[in-house]
Amino acid sequence: MLHLGGLRTALFNYLLARRYGGSFILRIEDTDQKRLVPGATENIVRTLEWAGLLFDEGPGKCSVDSTTTFFQSQRSKVYLQYAHELLDKGAAYRCFCDARRLESIRVNSSSQGRAPMYDRHCLNLSQRQIDEKLRTGEPFTIRMLSANPADPASADVAGFNDIVYGNMRFRGPSGFDDAVLLKSDGLPTYHLANVVDDHLMGITHVLRGEEWLMSTPKHRTLFKAFDWTIPQYAHLPLLMNSDGSKLSKRNKDGPIQGYIDQGHLPSAVINYVALLGWHPSDSRELFTLKELEGMFSLGGLSRSKSIVSREKLDWLNRQHLRREISSPTTLPGVAAQTQQNDY
């Protein structure tokens, strides 16, 4: 289900596309089959429509090819092709380690106070050993061969400019582990699927949560291995509760459906979400979506974490309610919504 942080990410991507004439694309990242929630895609589409964030391309809507799918779980052949390209280039390798060995690596690393990282055991297998394991049908994953942050040739991977956080420099080991790209079930991980899709879909700007900041060197390594143009990244700070803890998807203030059920106006929720990490060039606080489309700029994004305040949302909702009640064009819609939600 779409939550507050997800709606903020969607809104900022939408506003960027509208401000500069780009396309707002909805991609369903459903490769982790264990975490699939029935009806989640429908909820995302329905919530974006409720909020007025109409995507240009996505499930059921493609301007190029009607056979194009935006569900990553249905694009396995595409990712497999590019995974094999990395194997051929020596930028990736097969890993035959089972769950028990990987768990042993994790436990040993943790006991020594180090971040768990794969030890490249399978990188040292001979071609004869690999061929024998493939012949007997031994399960494997495909791992990327990460860059060495100390290598001068990796400077453009370890160092980059983030639109929000500015100049970043990663010296390892975090961000440089040999991450799994293709799982043993044939489905890709986020690292491979999103890099491939960003390239194939012509993505120029990636706005996402700051939890992906540490993975950016991996993604830049993959773009470089494919000799593709690297998009610009903007990592959005976390949303926080009033007590300073991270806002969880399970928190009552997290799911957008809760705001819908309580009768909050879409315009108020969008106005509120826009101010969670973006600052306008003036002191105004009240905006319509149309006004935001004309004002949004990447320069207004803040690196400070935003506190979720129900009081601020309720105040904005009252302002938007007064504005829409006073307009004969929006009054019928407000009346219908308040009647439906007993607001």
# chains A, B, ... in the order shown; residues from 1 in each chain; ligands from 1
$ residues_around --residues "Glu211 of chain A" --least-positions-apart "6" --cutoff "9 Å" --atoms "only C-alpha atoms" --output "PyMOL selection string"
chain A and resi 235-238
$ write_last_selection --atoms "all heavy atoms" --output "PDB file, in the first residue's frame"
ATOM      1  N   HIS A 235      18.630  12.061  -3.397  1.00  0.00           N
ATOM      2  CA  HIS A 235      18.155  11.180  -2.329  1.00  0.00           C
ATOM      3  C   HIS A 235      17.421  12.008  -1.274  1.00  0.00           C
ATOM      4  O   HIS A 235      17.981  12.962  -0.718  1.00  0.00           O
ATOM      5  CB  HIS A 235      19.323  10.413  -1.724  1.00  0.00           C
ATOM      6  CG  HIS A 235      19.869   9.370  -2.663  1.00  0.00           C
ATOM      7  ND1 HIS A 235      20.843   9.649  -3.603  1.00  0.00           N
ATOM      8  CD2 HIS A 235      19.541   8.068  -2.819  1.00  0.00           C
ATOM      9  CE1 HIS A 235      21.103   8.544  -4.292  1.00  0.00           C
ATOM     10  NE2 HIS A 235      20.330   7.573  -3.844  1.00  0.00           N
ATOM     11  N   LEU A 236      16.191  11.625  -1.020  1.00  0.00           N
ATOM     12  CA  LEU A 236      15.306  12.396  -0.143  1.00  0.00           C
ATOM     13  C   LEU A 236      15.451  11.926   1.300  1.00  0.00           C
ATOM     14  O   LEU A 236      15.385  10.719   1.579  1.00  0.00           O
ATOM     15  CB  LEU A 236      13.859  12.236  -0.607  1.00  0.00           C
ATOM     16  CG  LEU A 236      13.614  12.531  -2.100  1.00  0.00           C
ATOM     17  CD1 LEU A 236      12.180  12.198  -2.482  1.00  0.00           C
ATOM     18  CD2 LEU A 236      13.940  13.985  -2.414  1.00  0.00           C
ATOM     19  N   PRO A 237      15.628  12.863   2.232  1.00  0.00           N
ATOM     20  CA  PRO A 237      15.802  12.508   3.649  1.00  0.00           C
ATOM     21  C   PRO A 237      14.594  11.756   4.207  1.00  0.00           C
ATOM     22  O   PRO A 237      13.482  11.835   3.682  1.00  0.00           O
ATOM     23  CB  PRO A 237      15.962  13.867   4.332  1.00  0.00           C
ATOM     24  CG  PRO A 237      16.443  14.784   3.259  1.00  0.00           C
ATOM     25  CD  PRO A 237      15.758  14.310   2.011  1.00  0.00           C
ATOM     26  N   LEU A 238      14.834  11.061   5.295  1.00  0.00           N
ATOM     27  CA  LEU A 238      13.786  10.269   5.933  1.00  0.00           C
ATOM     28  C   LEU A 238      12.696  11.163   6.495  1.00  0.00           C
ATOM     29  O   LEU A 238      12.918  12.322   6.840  1.00  0.00           O
ATOM     30  CB  LEU A 238      14.385   9.435   7.064  1.00  0.00           C
ATOM     31  CG  LEU A 238      15.421   8.376   6.686  1.00  0.00           C
ATOM     32  CD1 LEU A 238      16.010   7.768   7.956  1.00  0.00           C
ATOM     33  CD2 LEU A 238      14.795   7.294   5.818  1.00  0.00           C
TER      34      LEU A 238
END
$ closest_residue --among "A:His121, A:His199, A:Arg220, A:Arg310" --to "Lys252 of chain A" --atoms "only C-alpha atoms"
A:Arg310
$ closest_atom_pairs --of "segment 184-244 of chain A" --to "segment 164-177 of chain A" --cutoff "8 Å" --atoms "only C-alpha atoms" --output "Markdown table"
| residue | atom | partner | partner_atom | distance |
| --- | --- | --- | --- | --- |
| A:Met214 | CA | A:Gly175 | CA | 5.2 |
| A:Ser215 | CA | A:Gly175 | CA | 5.3 |
| A:Thr216 | CA | A:Gly175 | CA | 7.1 |
| A:Pro217 | CA | A:Gly175 | CA | 5.7 |
| A:Lys218 | CA | A:Gly175 | CA | 6.1 |
| A:Ala234 | CA | A:Val164 | CA | 5.4 |
| A:His235 | CA | A:Val164 | CA | 6.2 |
| A:Leu236 | CA | A:Val164 | CA | 7.1 |
$ closest_residue --among "A:Arg114, A:Met201, A:Asn43, A:Ile307" --to "Phe70 of chain A" --atoms "only C-alpha atoms"
A:Met201
$ select_by_dssp --residues "segment 150-343 of chain A" --states "strand (DSSP E)" --output "PyMOL selection string"
chain A and resi 159-162+166-169+180-182+205-209+232-236+239-240+306-307
$ write_last_selection --atoms "C-alpha atoms" --output "PDB file, in the first residue's frame"
ATOM      1  CA  GLY A 159      32.550  10.070  -5.905  1.00  0.00           C
ATOM      2  CA  PHE A 160      29.525  11.830  -7.359  1.00  0.00           C
ATOM      3  CA  ASN A 161      27.263  14.812  -6.899  1.00  0.00           C
ATOM      4  CA  ASP A 162      23.913  14.181  -5.288  1.00  0.00           C
ATOM      5  CA  GLY A 166      26.019  17.580  -2.712  1.00  0.00           C
ATOM      6  CA  ASN A 167      29.448  16.069  -3.333  1.00  0.00           C
ATOM      7  CA  MET A 168      29.650  12.524  -1.997  1.00  0.00           C
ATOM      8  CA  ARG A 169      32.752  10.375  -1.617  1.00  0.00           C
ATOM      9  CA  VAL A 180      23.518 -10.216  -5.934  1.00  0.00           C
ATOM     10  CA  LEU A 181      22.081  -9.079  -9.264  1.00  0.00           C
ATOM     11  CA  LEU A 182      20.134 -12.151 -10.297  1.00  0.00           C
ATOM     12  CA  HIS A 205      16.734  11.909 -12.911  1.00  0.00           C
ATOM     13  CA  VAL A 206      16.256   9.448 -10.070  1.00  0.00           C
ATOM     14  CA  LEU A 207      14.570  10.852  -6.964  1.00  0.00           C
ATOM     15  CA  ARG A 208      14.390   8.227  -4.212  1.00  0.00           C
ATOM     16  CA  GLY A 209      14.697   7.737  -0.456  1.00  0.00           C
ATOM     17  CA  GLN A 232      21.386  12.351 -11.838  1.00  0.00           C
ATOM     18  CA  TYR A 233      20.462  11.240  -8.331  1.00  0.00           C
ATOM     19  CA  ALA A 234      18.560  13.056  -5.605  1.00  0.00           C
ATOM     20  CA  HIS A 235      18.155  11.180  -2.329  1.00  0.00           C
ATOM     21  CA  LEU A 236      15.306  12.396  -0.143  1.00  0.00           C
ATOM     22  CA  LEU A 239      10.402  11.239   7.318  1.00  0.00           C
ATOM     23  CA  MET A 240      10.396  11.304  11.110  1.00  0.00           C
ATOM     24  CA  SER A 306      11.115  16.281   7.959  1.00  0.00           C
ATOM     25  CA  ILE A 307       8.860  15.812  10.979  1.00  0.00           C
TER      26      ILE A 307
END
$ closest_residue --among "A:Ser126, A:Ser242, A:Thr204, A:Thr288" --to "Ile25 of chain A" --atoms "only C-alpha atoms"
A:Thr204
$ residues_around --residues "Arg143 of chain A" --least-positions-apart "2" --cutoff "7 Å" --atoms "only C-alpha atoms" --output "PDB file with all heavy atoms, in the first residue's frame"
ATOM      1  N   ALA A  92      30.703  -9.441 -13.696  1.00  0.00           N
ATOM      2  CA  ALA A  92      29.861 -10.200 -12.780  1.00  0.00           C
ATOM      3  C   ALA A  92      30.324 -11.652 -12.800  1.00  0.00           C
ATOM      4  O   ALA A  92      31.064 -12.064 -13.704  1.00  0.00           O
ATOM      5  CB  ALA A  92      28.390 -10.093 -13.185  1.00  0.00           C
ATOM      6  N   TYR A  93      29.883 -12.418 -11.816  1.00  0.00           N
ATOM      7  CA  TYR A  93      30.269 -13.826 -11.750  1.00  0.00           C
ATOM      8  C   TYR A  93      29.184 -14.648 -11.057  1.00  0.00           C
ATOM      9  O   TYR A  93      28.365 -14.097 -10.306  1.00  0.00           O
ATOM     10  CB  TYR A  93      31.607 -13.993 -11.030  1.00  0.00           C
ATOM     11  CG  TYR A  93      31.635 -13.473  -9.598  1.00  0.00           C
ATOM     12  CD1 TYR A  93      31.426 -14.330  -8.518  1.00  0.00           C
ATOM     13  CD2 TYR A  93      31.888 -12.126  -9.332  1.00  0.00           C
ATOM     14  CE1 TYR A  93      31.459 -13.869  -7.215  1.00  0.00           C
ATOM     15  CE2 TYR A  93      31.932 -11.653  -8.034  1.00  0.00           C
ATOM     16  CZ  TYR A  93      31.712 -12.525  -6.977  1.00  0.00           C
ATOM     17  OH  TYR A  93      31.745 -12.059  -5.683  1.00  0.00           O
ATOM     18  N   ARG A  94      29.178 -15.941 -11.323  1.00  0.00           N
ATOM     19  CA  ARG A  94      28.206 -16.843 -10.704  1.00  0.00           C
ATOM     20  C   ARG A  94      28.668 -17.203  -9.293  1.00  0.00           C
ATOM     21  O   ARG A  94      29.846 -17.456  -9.065  1.00  0.00           O
ATOM     22  CB  ARG A  94      28.025 -18.114 -11.529  1.00  0.00           C
ATOM     23  CG  ARG A  94      27.371 -17.878 -12.891  1.00  0.00           C
ATOM     24  CD  ARG A  94      27.223 -19.185 -13.651  1.00  0.00           C
ATOM     25  NE  ARG A  94      26.537 -19.004 -14.929  1.00  0.00           N
ATOM     26  CZ  ARG A  94      27.139 -18.685 -16.067  1.00  0.00           C
ATOM     27  NH1 ARG A  94      28.460 -18.514 -16.078  1.00  0.00           N
ATOM     28  NH2 ARG A  94      26.444 -18.540 -17.174  1.00  0.00           N
ATOM     29  N   CYS A  95      27.701 -17.237  -8.386  1.00  0.00           N
ATOM     30  CA  CYS A  95      27.979 -17.612  -6.996  1.00  0.00           C
ATOM     31  C   CYS A  95      27.141 -18.837  -6.647  1.00  0.00           C
ATOM     32  O   CYS A  95      25.903 -18.788  -6.723  1.00  0.00           O
ATOM     33  CB  CYS A  95      27.660 -16.458  -6.050  1.00  0.00           C
ATOM     34  SG  CYS A  95      27.840 -16.868  -4.301  1.00  0.00           S
ATOM     35  N   THR A 141      23.492 -17.809  -7.979  1.00  0.00           N
ATOM     36  CA  THR A 141      23.084 -16.424  -8.201  1.00  0.00           C
ATOM     37  C   THR A 141      24.151 -15.779  -9.073  1.00  0.00           C
ATOM     38  O   THR A 141      25.222 -16.355  -9.302  1.00  0.00           O
ATOM     39  CB  THR A 141      22.967 -15.651  -6.880  1.00  0.00           C
ATOM     40  OG1 THR A 141      24.248 -15.627  -6.235  1.00  0.00           O
ATOM     41  CG2 THR A 141      21.943 -16.295  -5.955  1.00  0.00           C
ATOM     42  N   LEU A 145      30.709  -7.672  -9.817  1.00  0.00           N
ATOM     43  CA  LEU A 145      32.093  -7.497  -9.357  1.00  0.00           C
ATOM     44  C   LEU A 145      32.252  -6.007  -9.068  1.00  0.00           C
ATOM     45  O   LEU A 145      32.387  -5.190  -9.984  1.00  0.00           O
ATOM     46  CB  LEU A 145      33.078  -7.961 -10.429  1.00  0.00           C
ATOM     47  CG  LEU A 145      34.561  -7.909 -10.047  1.00  0.00           C
ATOM     48  CD1 LEU A 145      34.844  -8.775  -8.823  1.00  0.00           C
ATOM     49  CD2 LEU A 145      35.422  -8.354 -11.227  1.00  0.00           C
ATOM     50  N   ASP A 178      29.951  -7.132  -3.329  1.00  0.00           N
ATOM     51  CA  ASP A 178      29.525  -7.807  -4.562  1.00  0.00           C
ATOM     52  C   ASP A 178      28.062  -8.234  -4.428  1.00  0.00           C
ATOM     53  O   ASP A 178      27.752  -9.402  -4.130  1.00  0.00           O
ATOM     54  CB  ASP A 178      30.423  -9.022  -4.840  1.00  0.00           C
ATOM     55  CG  ASP A 178      31.826  -8.624  -5.242  1.00  0.00           C
ATOM     56  OD1 ASP A 178      32.102  -7.414  -5.319  1.00  0.00           O
ATOM     57  OD2 ASP A 178      32.642  -9.524  -5.475  1.00  0.00           O
ATOM     58  N   ALA A 179      27.180  -7.310  -4.644  1.00  0.00           N
ATOM     59  CA  ALA A 179      25.751  -7.553  -4.448  1.00  0.00           C
ATOM     60  C   ALA A 179      25.210  -8.559  -5.458  1.00  0.00           C
ATOM     61  O   ALA A 179      25.681  -8.645  -6.591  1.00  0.00           O
ATOM     62  CB  ALA A 179      24.979  -6.239  -4.565  1.00  0.00           C
ATOM     63  N   VAL A 180      24.203  -9.302  -5.035  1.00  0.00           N
ATOM     64  CA  VAL A 180      23.518 -10.216  -5.934  1.00  0.00           C
ATOM     65  C   VAL A 180      22.691  -9.408  -6.937  1.00  0.00           C
ATOM     66  O   VAL A 180      21.962  -8.490  -6.565  1.00  0.00           O
ATOM     67  CB  VAL A 180      22.599 -11.181  -5.149  1.00  0.00           C
ATOM     68  CG1 VAL A 180      21.720 -11.993  -6.094  1.00  0.00           C
ATOM     69  CG2 VAL A 180      23.419 -12.109  -4.270  1.00  0.00           C
ATOM     70  N   LEU A 181      22.834  -9.744  -8.201  1.00  0.00           N
ATOM     71  CA  LEU A 181      22.081  -9.079  -9.264  1.00  0.00           C
ATOM     72  C   LEU A 181      20.914  -9.933  -9.745  1.00  0.00           C
ATOM     73  O   LEU A 181      19.831  -9.422 -10.030  1.00  0.00           O
ATOM     74  CB  LEU A 181      23.001  -8.776 -10.458  1.00  0.00           C
ATOM     75  CG  LEU A 181      24.205  -7.877 -10.188  1.00  0.00           C
ATOM     76  CD1 LEU A 181      25.015  -7.696 -11.459  1.00  0.00           C
ATOM     77  CD2 LEU A 181      23.759  -6.518  -9.635  1.00  0.00           C
TER      78      LEU A 181
END
$ residues_around --residues "Lys183 of chain A" --least-positions-apart "5" --cutoff "10 Å" --atoms "only C-alpha atoms" --output "JSON, numbers by chain"
{"A": [31, 32, 95, 139, 140, 141, 142, 143, 188, 189]}
$ write_last_selection --atoms "N, CA and C atoms" --output "compact mmCIF listing (two decimals), in the first residue's frame"
# COMPACT_ATOMS: atom_id res chain seq x y z
N THR A 31 9.82 -7.75 -7.78
CA THR A 31 10.67 -8.92 -7.97
C THR A 31 10.87 -9.73 -6.68
N ASP A 32 10.58 -9.13 -5.53
CA ASP A 32 10.66 -9.88 -4.27
C ASP A 32 9.32 -10.54 -4.02
N CYS A 95 27.70 -17.24 -8.39
CA CYS A 95 27.98 -17.61 -7.00
C CYS A 95 27.14 -18.84 -6.65
N PRO A 139 22.29 -24.82 -8.03
CA PRO A 139 21.71 -23.46 -8.03
C PRO A 139 22.79 -22.39 -7.87
N PHE A 140 22.55 -21.25 -8.48
CA PHE A 140 23.52 -20.16 -8.36
C PHE A 140 22.81 -18.82 -8.48
N THR A 141 23.49 -17.81 -7.98
CA THR A 141 23.08 -16.42 -8.20
C THR A 141 24.15 -15.78 -9.07
N ILE A 142 23.87 -14.59 -9.56
CA ILE A 142 24.88 -13.82 -10.29
C ILE A 142 25.18 -12.57 -9.47
N ARG A 143 26.44 -12.40 -9.12
CA ARG A 143 26.88 -11.24 -8.33
C ARG A 143 27.66 -10.26 -9.21
N PRO A 188 15.52 -10.67 -10.85
CA PRO A 188 16.60 -9.74 -10.51
C PRO A 188 16.38 -9.11 -9.14
N THR A 189 17.43 -8.54 -8.60
CA THR A 189 17.31 -7.70 -7.42
C THR A 189 17.10 -6.25 -7.89
